[in-house]
>>> print(open('run23.txt').read())   # compact mmCIF, C-alpha atoms
# COMPACT_ATOMS: atom_id res chain seq x y z
CA MET H 1 -12.08 6.01 -20.95
CA LYS H 2 -10.06 3.80 -18.70
CA VAL H 3 -10.48 2.89 -15.02
CA LEU H 4 -7.31 1.67 -13.31
CA ILE H 5 -7.97 -1.04 -10.73
CA PRO H 6 -5.62 -1.16 -7.73
CA THR H 7 -3.89 -4.43 -6.85
CA PRO H 8 -6.24 -5.55 -4.01
CA LEU H 9 -9.40 -5.11 -6.08
CA ARG H 10 -8.31 -6.93 -9.22
CA GLN H 11 -9.53 -10.25 -7.87
CA TYR H 12 -13.04 -8.77 -8.09
CA ALA H 13 -12.53 -7.55 -11.67
CA GLU H 14 -11.47 -10.75 -13.40
CA LYS H 15 -7.84 -9.95 -12.44
CA LYS H 16 -7.82 -6.98 -14.84
CA ASP H 17 -5.59 -4.02 -14.01
CA SER H 18 -7.79 -1.69 -16.02
CA VAL H 19 -11.29 -1.63 -17.47
CA GLU H 20 -12.48 0.37 -20.49
CA ILE H 21 -15.81 2.07 -19.87
CA ALA H 22 -17.94 4.58 -21.79
CA ALA H 23 -19.47 7.05 -19.35
CA GLY H 24 -20.47 10.70 -19.15
CA ASN H 25 -19.25 11.40 -15.65
CA VAL H 26 -17.27 9.78 -12.84
CA GLY H 27 -20.32 8.52 -10.93
CA ASP H 28 -21.68 6.96 -14.10
CA ALA H 29 -18.32 5.28 -14.76
CA LEU H 30 -18.18 3.81 -11.25
CA ARG H 31 -21.77 2.57 -11.53
CA LYS H 32 -21.02 0.88 -14.85
CA LEU H 33 -17.82 -0.59 -13.43
CA THR H 34 -19.67 -2.13 -10.48
CA THR H 35 -22.48 -3.34 -12.71
CA GLU H 36 -19.96 -5.09 -14.91
CA HIS H 37 -18.08 -6.38 -11.86
CA PRO H 38 -20.64 -6.57 -9.01
CA ASP H 39 -18.15 -7.98 -6.49
CA LEU H 40 -16.35 -4.63 -6.57
CA ARG H 41 -19.36 -2.76 -5.23
CA ARG H 42 -19.01 -3.48 -1.52
CA HIS H 43 -15.33 -2.59 -1.66
CA LEU H 44 -16.01 0.83 -3.18
CA PHE H 45 -19.38 1.82 -1.73
CA THR H 46 -21.07 1.72 1.66
CA ASP H 47 -24.42 -0.05 2.07
CA ASP H 48 -26.21 3.24 1.41
CA GLY H 49 -24.35 3.74 -1.84
CA LYS H 50 -21.78 6.32 -0.79
CA LEU H 51 -18.17 6.06 -1.86
CA ARG H 52 -16.20 4.68 1.10
CA ALA H 53 -14.20 7.35 2.94
CA PHE H 54 -10.86 5.62 2.37
CA VAL H 55 -11.41 5.19 -1.37
CA ASN H 56 -9.79 8.01 -3.33
CA VAL H 57 -10.90 8.52 -6.91
CA TYR H 58 -8.67 10.50 -9.21
CA LEU H 59 -9.47 11.81 -12.65
CA ASN H 60 -6.06 11.84 -14.32
CA ASP H 61 -4.02 13.71 -11.64
CA GLU H 62 -6.91 15.40 -9.83
CA ASP H 63 -8.85 14.21 -6.80
CA ILE H 64 -12.53 14.28 -7.79
CA ARG H 65 -13.32 15.77 -4.34
CA TYR H 66 -11.75 18.98 -5.66
CA LEU H 67 -13.51 18.77 -9.02
CA GLN H 68 -17.24 18.09 -9.21
CA LYS H 69 -17.04 14.86 -7.23
CA GLU H 70 -19.07 12.09 -8.87
CA ASN H 71 -20.63 14.62 -11.26
CA THR H 72 -17.22 15.38 -12.78
CA PRO H 73 -17.60 15.08 -16.57
CA LEU H 74 -15.38 12.72 -18.54
CA ARG H 75 -13.64 12.77 -21.90
CA GLU H 76 -12.76 9.64 -23.81
CA SER H 77 -9.04 10.16 -23.22
CA ASP H 78 -9.44 10.38 -19.41
CA THR H 79 -8.14 7.89 -16.90
CA ILE H 80 -9.80 7.26 -13.54
CA SER H 81 -7.60 5.84 -10.78
CA ILE H 82 -9.10 4.14 -7.75
CA VAL H 83 -6.64 4.47 -4.89
CA PRO H 84 -7.41 3.24 -1.36
CA SER H 85 -5.70 5.43 1.21
CA ILE H 86 -2.37 4.61 2.86
CA ALA H 87 -1.90 5.73 6.44
CA GLY H 88 -1.14 4.49 9.93
CA GLY H 89 1.48 4.94 12.58
CA ALA H 90 2.57 3.84 16.01
CA CYS H 91 0.40 6.33 17.90
CA ALA H 92 -2.44 4.15 19.21
CA ASP H 93 -0.01 1.75 20.84
CA ARG H 94 2.40 4.25 22.38
CA GLY H 95 1.10 3.67 25.90
CA MET H 96 1.48 -0.09 25.59
CA ARG H 97 5.10 -0.08 24.55
CA TRP H 98 6.78 -0.88 27.83
CA ARG H 99 4.17 -3.37 28.94
CA ARG H 100 4.68 -5.36 25.74
CA GLU H 101 8.46 -5.28 25.80
CA MET R 1 6.39 -14.09 1.93
CA LEU R 2 8.02 -10.86 0.87
CA ARG R 3 11.02 -11.17 -1.41
CA ILE R 4 13.19 -8.10 -1.71
CA LEU R 5 16.65 -7.23 -2.97
CA GLN R 6 19.22 -6.49 -0.30
CA ALA R 7 19.76 -2.98 -1.67
CA GLU R 8 16.05 -2.16 -1.52
CA PHE R 9 15.74 -3.65 1.97
CA ASP R 10 18.66 -1.48 3.09
CA ALA R 11 17.05 1.56 1.45
CA ILE R 12 13.88 1.12 3.52
CA ARG R 13 15.87 0.99 6.74
CA ARG R 14 18.06 3.95 5.72
CA HIS R 15 14.93 6.00 4.97
CA GLY R 16 13.71 5.39 8.53
CA GLU R 17 17.03 6.57 9.92
CA GLU R 18 17.04 9.69 7.75
CA THR R 19 13.57 10.83 8.82
CA TYR R 20 14.05 9.95 12.52
CA PRO R 21 12.45 10.99 14.85
CA GLN R 22 9.62 11.18 12.34
CA GLU R 23 8.00 8.24 10.58
CA CYS R 24 9.06 7.58 7.01
CA CYS R 25 6.82 5.93 4.43
CA GLY R 26 7.01 4.53 0.94
CA VAL R 27 5.68 2.13 -1.65
CA LEU R 28 6.87 -1.30 -2.77
CA LEU R 29 6.59 -1.88 -6.52
CA GLY R 30 6.92 -5.36 -7.94
CA LYS R 31 4.93 -8.44 -8.85
CA LEU R 32 2.85 -11.02 -7.12
CA GLY R 33 4.47 -14.46 -7.19
CA GLU R 34 2.87 -17.08 -9.38
CA ASP R 35 1.00 -18.58 -6.46
CA SER R 36 0.01 -15.08 -5.21
CA ARG R 37 1.49 -15.96 -1.83
CA ALA R 38 4.73 -14.13 -2.40
CA ARG R 39 5.22 -10.50 -3.22
CA VAL R 40 8.44 -9.80 -5.09
CA VAL R 41 9.71 -6.26 -4.71
CA ALA R 42 11.50 -4.76 -7.69
CA ALA R 43 11.76 -1.21 -6.41
CA THR R 44 11.04 0.86 -3.32
CA ILE R 45 9.70 4.37 -3.81
CA ARG R 46 10.12 6.97 -1.07
CA CYS R 47 7.09 9.09 -0.28
CA GLY R 48 6.59 12.17 1.81
CA ASN R 49 4.74 11.88 5.12
CA THR R 50 1.85 14.33 4.88
CA ARG R 51 0.99 14.03 8.60
CA THR R 52 2.84 17.19 9.51
CA ASP R 53 0.64 17.53 12.61
CA SER R 54 2.05 14.37 14.25
CA PRO R 55 4.79 12.91 12.03
CA ARG R 56 6.51 11.17 14.95
CA ASP R 57 3.76 8.60 15.30
CA ARG R 58 1.54 8.93 12.25
CA TYR R 59 2.04 8.67 8.51
CA HIS R 60 -0.07 9.29 5.47
CA ILE R 61 0.87 9.15 1.81
CA ASP R 62 -0.71 11.71 -0.51
CA PRO R 63 -3.02 9.67 -2.77
CA GLY R 64 -1.94 11.85 -5.69
CA GLU R 65 1.56 10.51 -5.14
CA LEU R 66 0.16 6.98 -5.19
CA VAL R 67 -1.54 7.68 -8.51
CA ARG R 68 1.78 8.79 -9.98
CA ILE R 69 3.59 5.76 -8.55
CA GLN R 70 0.89 3.43 -9.86
CA ARG R 71 1.34 4.98 -13.30
CA GLN R 72 5.12 4.68 -13.03
CA GLY R 73 4.68 1.02 -12.12
CA ARG R 74 2.41 0.34 -15.10
CA GLU R 75 5.07 1.73 -17.43
CA ARG R 76 7.49 -0.85 -16.00
CA ALA R 77 4.91 -3.67 -15.82
CA GLN R 78 5.05 -3.48 -12.03
CA ASP R 79 2.26 -3.28 -9.49
CA ILE R 80 1.99 -1.82 -6.03
CA VAL R 81 2.57 -4.87 -3.83
CA GLY R 82 3.08 -3.20 -0.48
CA PHE R 83 4.11 -0.25 1.63
CA TYR R 84 6.61 0.53 4.31
CA HIS R 85 6.88 2.89 7.23
CA SER R 86 8.96 3.31 10.37
CA HIS R 87 8.15 3.32 14.07
CA PRO R 88 10.57 5.74 15.74
CA ASP R 89 11.46 4.47 19.24
CA HIS R 90 8.66 1.93 19.03
CA PRO R 91 8.58 -1.81 18.22
CA ALA R 92 8.38 -3.11 14.65
CA ARG R 93 4.87 -4.44 15.23
CA TRP R 94 1.67 -3.19 13.66
CA SER R 95 -0.42 -0.86 15.80
CA GLN R 96 -4.19 -0.63 16.00
CA THR R 97 -3.88 2.53 13.92
CA ASP R 98 -1.89 0.63 11.29
CA LEU R 99 -4.64 -1.96 11.05
CA ALA R 100 -7.54 0.49 11.09
CA GLU R 101 -6.01 2.51 8.28
CA ALA R 102 -4.78 -0.39 6.14
CA HIS R 103 -7.00 -1.06 3.13
CA TRP R 104 -4.78 -2.79 0.55
CA ILE R 105 -5.79 -6.38 1.28
CA GLY R 106 -3.27 -8.84 -0.14
CA CYS R 107 -0.41 -6.36 0.11
CA SER R 108 2.59 -6.30 2.46
CA TYR R 109 3.05 -3.70 5.16
CA VAL R 110 6.69 -3.44 6.22
CA ILE R 111 7.54 -1.78 9.54
CA THR R 112 11.02 -0.85 10.77
CA SER R 113 11.70 0.11 14.36
CA VAL R 114 14.19 2.96 14.60
CA GLU R 115 15.72 3.44 18.02
CA GLN R 116 17.70 6.59 18.75
CA GLY R 117 18.14 7.11 15.03
CA ARG R 118 19.33 3.59 14.20
CA ALA R 119 17.19 1.09 12.30
CA LYS R 120 16.76 -1.99 14.46
CA ILE R 121 14.21 -4.58 13.39
CA THR R 122 12.28 -4.81 10.14
CA ASN R 123 9.17 -6.97 9.99
CA SER R 124 6.58 -7.52 7.29
CA PHE R 125 2.87 -8.15 7.73
CA LEU R 126 0.45 -9.34 5.08
CA LEU R 127 -2.93 -7.63 5.19
CA ALA R 128 -5.16 -10.70 4.89
CA GLY R 129 -8.92 -11.13 4.70
CA THR R 130 -11.54 -10.29 2.14
CA VAL R 131 -13.33 -7.15 3.35
CA GLU R 132 -12.89 -4.38 5.91
CA ASP R 133 -14.77 -6.39 8.54
CA ASP R 134 -12.45 -9.39 8.51
CA LYS R 135 -9.13 -7.83 7.54
CA HIS R 136 -6.19 -8.69 9.76
CA PHE R 137 -2.42 -8.70 9.68
CA GLU R 138 -0.46 -11.93 9.40
CA ASP R 139 3.26 -12.15 10.11
CA GLU R 140 5.16 -12.88 6.92
CA GLU R 141 8.73 -13.90 6.26
CA ILE R 142 11.08 -11.50 4.54
CA GLU R 143 13.45 -13.15 2.12
CA ILE R 144 16.40 -11.01 1.11
CA LEU R 145 17.53 -11.60 -2.46
CA ALA R 146 21.13 -11.24 -3.49
CA GLY R 147 22.00 -10.03 -6.99
CA THR R 148 20.53 -7.26 -9.04
CA ARG R 149 17.21 -8.63 -10.25
CA PRO R 150 14.44 -10.19 -8.15
CA VAL R 151 13.29 -13.66 -9.09
CA VAL R 152 9.98 -15.32 -8.36
CA ALA R 153 10.51 -19.03 -8.83
CA GLU R 154 13.96 -19.44 -7.34
CA SER R 155 14.73 -18.52 -3.79
CA SER R 156 18.24 -17.34 -3.20
CA HIS R 157 20.18 -15.97 -0.29
CA ARG R 158 18.23 -15.84 2.95
CA ALA R 159 19.09 -12.99 5.22
CA PRO R 160 20.41 -13.71 8.68
CA ALA R 161 17.97 -12.94 11.46
CA SER R 162 19.92 -9.88 12.46
CA LEU R 163 19.19 -8.32 9.10
CA ALA R 164 15.66 -9.46 8.48
CA GLY R 165 14.66 -8.87 12.07
CA GLU R 166 13.15 -11.20 14.58
CA LYS R 167 9.48 -11.44 15.20
>>> encode(input="run23.txt", output="structure tokens")
Amino acid sequence: MKVLIPTPLRQYAEKKDSVEIAAGNVGDALRKLTTEHPDLRRHLFTDDGKLRAFVNVYLNDEDIRYLQKENTPLRESDTISIVPSIAGGACADRGMRWRRE
Amino acid sequence: MLRILQAEFDAIRRHGEETYPQECCGVLLGKLGEDSRARVVAATIRCGNTRTDSPRDRYHIDPGELVRIQRQGRERAQDIVGFYHSHPDHPARWSQTDLAEAHWIGCSYVITSVEQGRAKITNSFLLAGTVEDDKHFEDEEIEILAGTRPVVAESSHRAPASLAGEK
């Protein structure tokens, strides 16, 4: 199966945009990925080994949080996407607007 | 530096006007320049803002939508090189929330201020650093490309300050 590497993490995976991995479940695939490319580990996992909160992992079109999380089984034809979250907004600075302008 | 076609640049600003007084958001598909210092935008993709609880000053893109866009990009040999959103009635500067919730290091974050429904200033910020602990935004120049296809090696028309926005 294939793991798609997002743009910011490719520098830690020999600039590859995808990596082929043989694994039985999602957790196993991520462990093998970070064993093969150890520099990826700290970008995906916290120091105690948990997937970082802002890292979304999709199996094909499904968020693994709504499947069996890292125990989600894999088939050879599957694709895992690693997608850091995208969010933000002006809110935290609202009160500073007039002072800055 | 962010290089973007005039039509795509205009589309970002128009999106902010259309969603006013709510924040708009979207994805920039393209390629990294040969020296990795420039991001060349080939297409802008509009996304929905899932922050229905506070859409006037927050945005969030459904990661499932990002997965689909990433796949769409791969089919065209394009990568996600950045994102855009608007700040309704607020300056085109990154906020602490923007920084805290930015995780695509090496990508561009484009912000357009929209005042009373009109797009005013558009700025771009490169999310620099190596890890969450040292990430930071750096101001980056926006170069507007004339023509129909973006180029990496050759710079072309540079937008006047009134279009590209002033820092």
>>> interface_residues(input="run23.txt", of="chain H", to="chain R", cutoff="8 Å", atoms="all atoms listed in the file", output="NGL selection string")
:H and (6-8 or 43 or 54 or 56 or 58 or 61-63 or 81 or 83-94 or 97)
>>> closest_residue(input="run23.txt", among="H:Leu59, H:Leu9, H:Leu51, H:Leu44", to="Val26 of chain H", atoms="all atoms listed in the file")
H:Leu59
>>> residues_around(input="run23.txt", residues="Val19 of chain H", least_positions_apart="2", cutoff="8 Å", atoms="only C-alpha atoms", output="list in words")
Lys2, Val3, Leu4, Ile5, Lys16, Asp17, Ile21 and Leu33 of chain H
>>> atom_distance(input="run23.txt", atom1="atom CA of Glu36 of chain H", atom2="atom CA of Glu14 of chain H")
10.3 Å
>>> atom_distance(input="run23.txt", atom1="atom CA of Gly16 of chain R", atom2="atom CA of Val114 of chain R")
6.6 Å
>>> atom_distance(input="run23.txt", atom1="atom CA of Arg42 of chain H", atom2="atom CA of Asn71 of chain H")
20.6 Å
>>> residues_around(input="run23.txt", residues="Ala77 of chain R", least_positions_apart="4", cutoff="9 Å", atoms="all atoms listed in the file", output="PyMOL selection string")
chain R and resi 30-31+72-73
>>> residues_around(input="run23.txt", residues="segment 72-78 of chain H", least_positions_apart="4", cutoff="7 Å", atoms="only C-alpha atoms", output="list of chain:residue names")
H:Met1, H:Lys2, H:Gly24, H:Asn25, H:Val26, H:Leu59, H:Asn60, H:Ile64, H:Leu67, H:Gln68
>>> decode(input="run23.txt", residues="segment 11-36 of chain H", atoms="N, CA and C atoms", output="CSV table (one decimal), in the first residue's frame")
chain,number,residue,atom,x,y,z
H,11,GLN,N,10.9,16.6,2.8
H,11,GLN,CA,12.3,16.8,3.1
H,11,GLN,C,12.8,15.7,4.1
H,12,TYR,N,11.9,15.1,4.8
H,12,TYR,CA,12.3,14.1,5.8
H,12,TYR,C,12.1,12.7,5.3
H,13,ALA,N,11.7,12.6,4.0
H,13,ALA,CA,11.4,11.3,3.4
H,13,ALA,C,12.1,11.2,2.0
H,14,GLU,N,13.4,11.7,2.0
H,14,GLU,CA,14.2,11.7,0.8
H,14,GLU,C,13.5,12.4,-0.4
H,15,LYS,N,12.7,13.4,-0.1
H,15,LYS,CA,11.9,14.2,-1.1
H,15,LYS,C,10.9,13.4,-1.9
H,16,LYS,N,10.5,12.2,-1.3
H,16,LYS,CA,9.5,11.4,-2.0
H,16,LYS,C,8.1,12.0,-1.7
H,17,ASP,N,7.2,11.9,-2.7
H,17,ASP,CA,5.8,12.3,-2.4
H,17,ASP,C,5.0,11.1,-2.0
H,18,SER,N,5.5,9.9,-2.1
H,18,SER,CA,4.8,8.7,-1.6
H,18,SER,C,5.8,7.6,-1.3
H,19,VAL,N,5.4,6.8,-0.4
H,19,VAL,CA,6.3,5.7,0.0
H,19,VAL,C,5.4,4.4,0.0
H,20,GLU,N,5.9,3.3,-0.6
H,20,GLU,CA,5.3,2.0,-0.7
H,20,GLU,C,5.6,1.3,0.6
H,21,ILE,N,4.6,0.7,1.3
H,21,ILE,CA,4.9,0.0,2.6
H,21,ILE,C,4.0,-1.2,2.6
H,22,ALA,N,4.5,-2.3,3.1
H,22,ALA,CA,3.7,-3.5,3.4
H,22,ALA,C,3.4,-3.5,4.9
H,23,ALA,N,2.1,-3.4,5.2
H,23,ALA,CA,1.7,-3.3,6.6
H,23,ALA,C,0.3,-3.9,6.8
H,24,GLY,N,0.0,-4.4,8.0
H,24,GLY,CA,-1.3,-5.0,8.3
H,24,GLY,C,-2.3,-4.0,8.8
H,25,ASN,N,-1.9,-2.9,9.4
H,25,ASN,CA,-2.8,-1.9,9.8
H,25,ASN,C,-2.2,-0.5,9.8
H,26,VAL,N,-2.9,0.5,10.1
H,26,VAL,CA,-2.4,1.9,9.9
H,26,VAL,C,-1.3,2.2,10.8
H,27,GLY,N,-1.4,1.8,12.1
H,27,GLY,CA,-0.4,2.0,13.1
H,27,GLY,C,0.9,1.4,12.6
H,28,ASP,N,0.8,0.1,12.1
H,28,ASP,CA,2.0,-0.6,11.6
H,28,ASP,C,2.6,0.1,10.5
H,29,ALA,N,1.8,0.6,9.6
H,29,ALA,CA,2.3,1.4,8.4
H,29,ALA,C,3.1,2.6,8.8
H,30,LEU,N,2.5,3.3,9.8
H,30,LEU,CA,3.2,4.6,10.3
H,30,LEU,C,4.5,4.3,11.0
H,31,ARG,N,4.5,3.2,11.7
H,31,ARG,CA,5.7,2.8,12.4
H,31,ARG,C,6.8,2.4,11.4
H,32,LYS,N,6.4,1.6,10.4
H,32,LYS,CA,7.4,1.3,9.3
H,32,LYS,C,7.9,2.5,8.6
H,33,LEU,N,6.9,3.4,8.3
H,33,LEU,CA,7.3,4.6,7.6
H,33,LEU,C,8.4,5.4,8.4
H,34,THR,N,8.2,5.5,9.7
H,34,THR,CA,9.1,6.3,10.5
H,34,THR,C,10.3,5.5,10.9
H,35,THR,N,10.3,4.2,10.7
H,35,THR,CA,11.5,3.5,10.9
H,35,THR,C,12.4,3.6,9.6
H,36,GLU,N,11.7,3.6,8.5
H,36,GLU,CA,12.4,3.8,7.2
H,36,GLU,C,13.0,5.3,7.1
